[in-house]
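What follows is a single structure, written as structure tokens, with notes after it.
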Amino acid sequence: MTDRLSPGDPAPEFSLPTDTGDTLSLADLRGRRVILYAYPAAMTPGCTKQACDFRDSLASLQAAGYEVVGISPDKPAKLAKFRERDAITFPLVADTDKTVLTAYGAYGEKQMYGKTVTGVIRSTFVIDPDGKIEHAFYNVKATGHVAKLRRDLGLD
């Protein structure tokens, strides 16, 4: 079982390629609150729903001081197609070797259709301006998660 993060833990640093060909580091976002959400695969129904929910809430999340970043094991080229197809307006980072996902406890054994499989555990992390975990939500649902997150953060 992968170790899970808890509030107060330092958020694992990362520097990963993005959907635009740039590199994004957690250090680049220091001083801002960050919502980092881990999803299994770009352009699948659940992941598309979740990304579009974040996209549709982005202006109000940013107004409340949050930056949104999506992370998956997809290659940057697939992330670029996802961004273009669904008009994603926040960075998507590629963790193709799953090192960062594992460090966040978002890759490991999970239950899927009654079977134990190894893969990305749909998760969301809220990181404070100092780089510490404020909230760690594991095994979240694709549908309705952004609305729940907004309530948990006191935004709705």
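Every chain in the structure tokens takes a letter, A first, then B, and so on in the order presented; its residues are numbered from 1, and the ligands are numbered from 1 following the presented order.
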- Can you pull out every residue within 10 Å of stretch 126-143 of chain A, counting only C-alpha atoms, but drop anything in the same chain fewer than 3 positions away, and send it as a ChimeraX atom specification? /A:4-13,26-27,29-39,45-51,53,65-68,104-106,110-111,120-123,146-149,152-153
- Residue with smallest distance to A:Thr44 - pool A:Leu101, A:Thr116, A:Leu79, A:Gly108, counting only C-alpha atoms: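 Answer, going by the shortest atom-to-atom distance: A:Leu79.
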- Query: Separation of atom CA of A:Ala77 and atom CA of A:Asp28, in Å?
  - Reply: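 Separation between atom CA of A:Ala77 and atom CA of A:Asp28: 22.2 Å.
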- Selection near A:Lys81, 9 Å with only C-alpha atoms, sequence-local residues under 4 positions removed, as a PyMOL selection string: chain A and resi 19+42-43+76-77+85-86
- Query: Which of stretch 81-153 of chain A counts as helix (DSSP H, G or I) under DSSP, as a list in words please?
  - Reply: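 Selection result, helix (DSSP H, G or I) within stretch 81-153 of chain A: Lys81, Phe82, Arg83, Glu84, Arg85, Asp86, Thr99, Val100, Leu101, Thr102, Ala103, His145, Val146, Ala147, Lys148, Leu149, Arg150, Arg151 and Asp152 of chain A.
Distances to A:Cys52 were evaluated for A:Met112, A:Ile71, A:Ala87, A:Ala103 using only C-alpha atoms, and the minimum falls at A:Ala87.
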- Return the single residue from A:Gly70, A:Gly154, A:Pro40, A:Gly144 that is closest to A:Thr18, with distances computed using only C-alpha atoms. A:Gly70
- Item | Pick from A:Leu24, A:Asp74, A:Gly114, A:Gln62 nearest to A:Asp97, counting only C-alpha atoms |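 The shortest atom-to-atom distance to A:Asp97 comes from A:Asp74.
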- Determine which residues of stretch 26-118 of chain A receive a DSSP assignment of strand (DSSP E or B), computed from the backbone, and state them as a list in words. Arg33, Val34, Ile35, Leu36, Tyr37, Ala38, Tyr66, Glu67, Val68, Val69, Gly70, Ile71, Ser72, Leu92, Val93, Ala94, Tyr107, Gly108, Glu109, Lys110, Gln111, Met112, Lys115, Thr116, Val117 and Thr118 of chain A
- Query: What is the distance between atom CA of A:Arg55 and atom CA of A:Tyr113, in Å to one decimal?
  - Reply: 28.2 Å
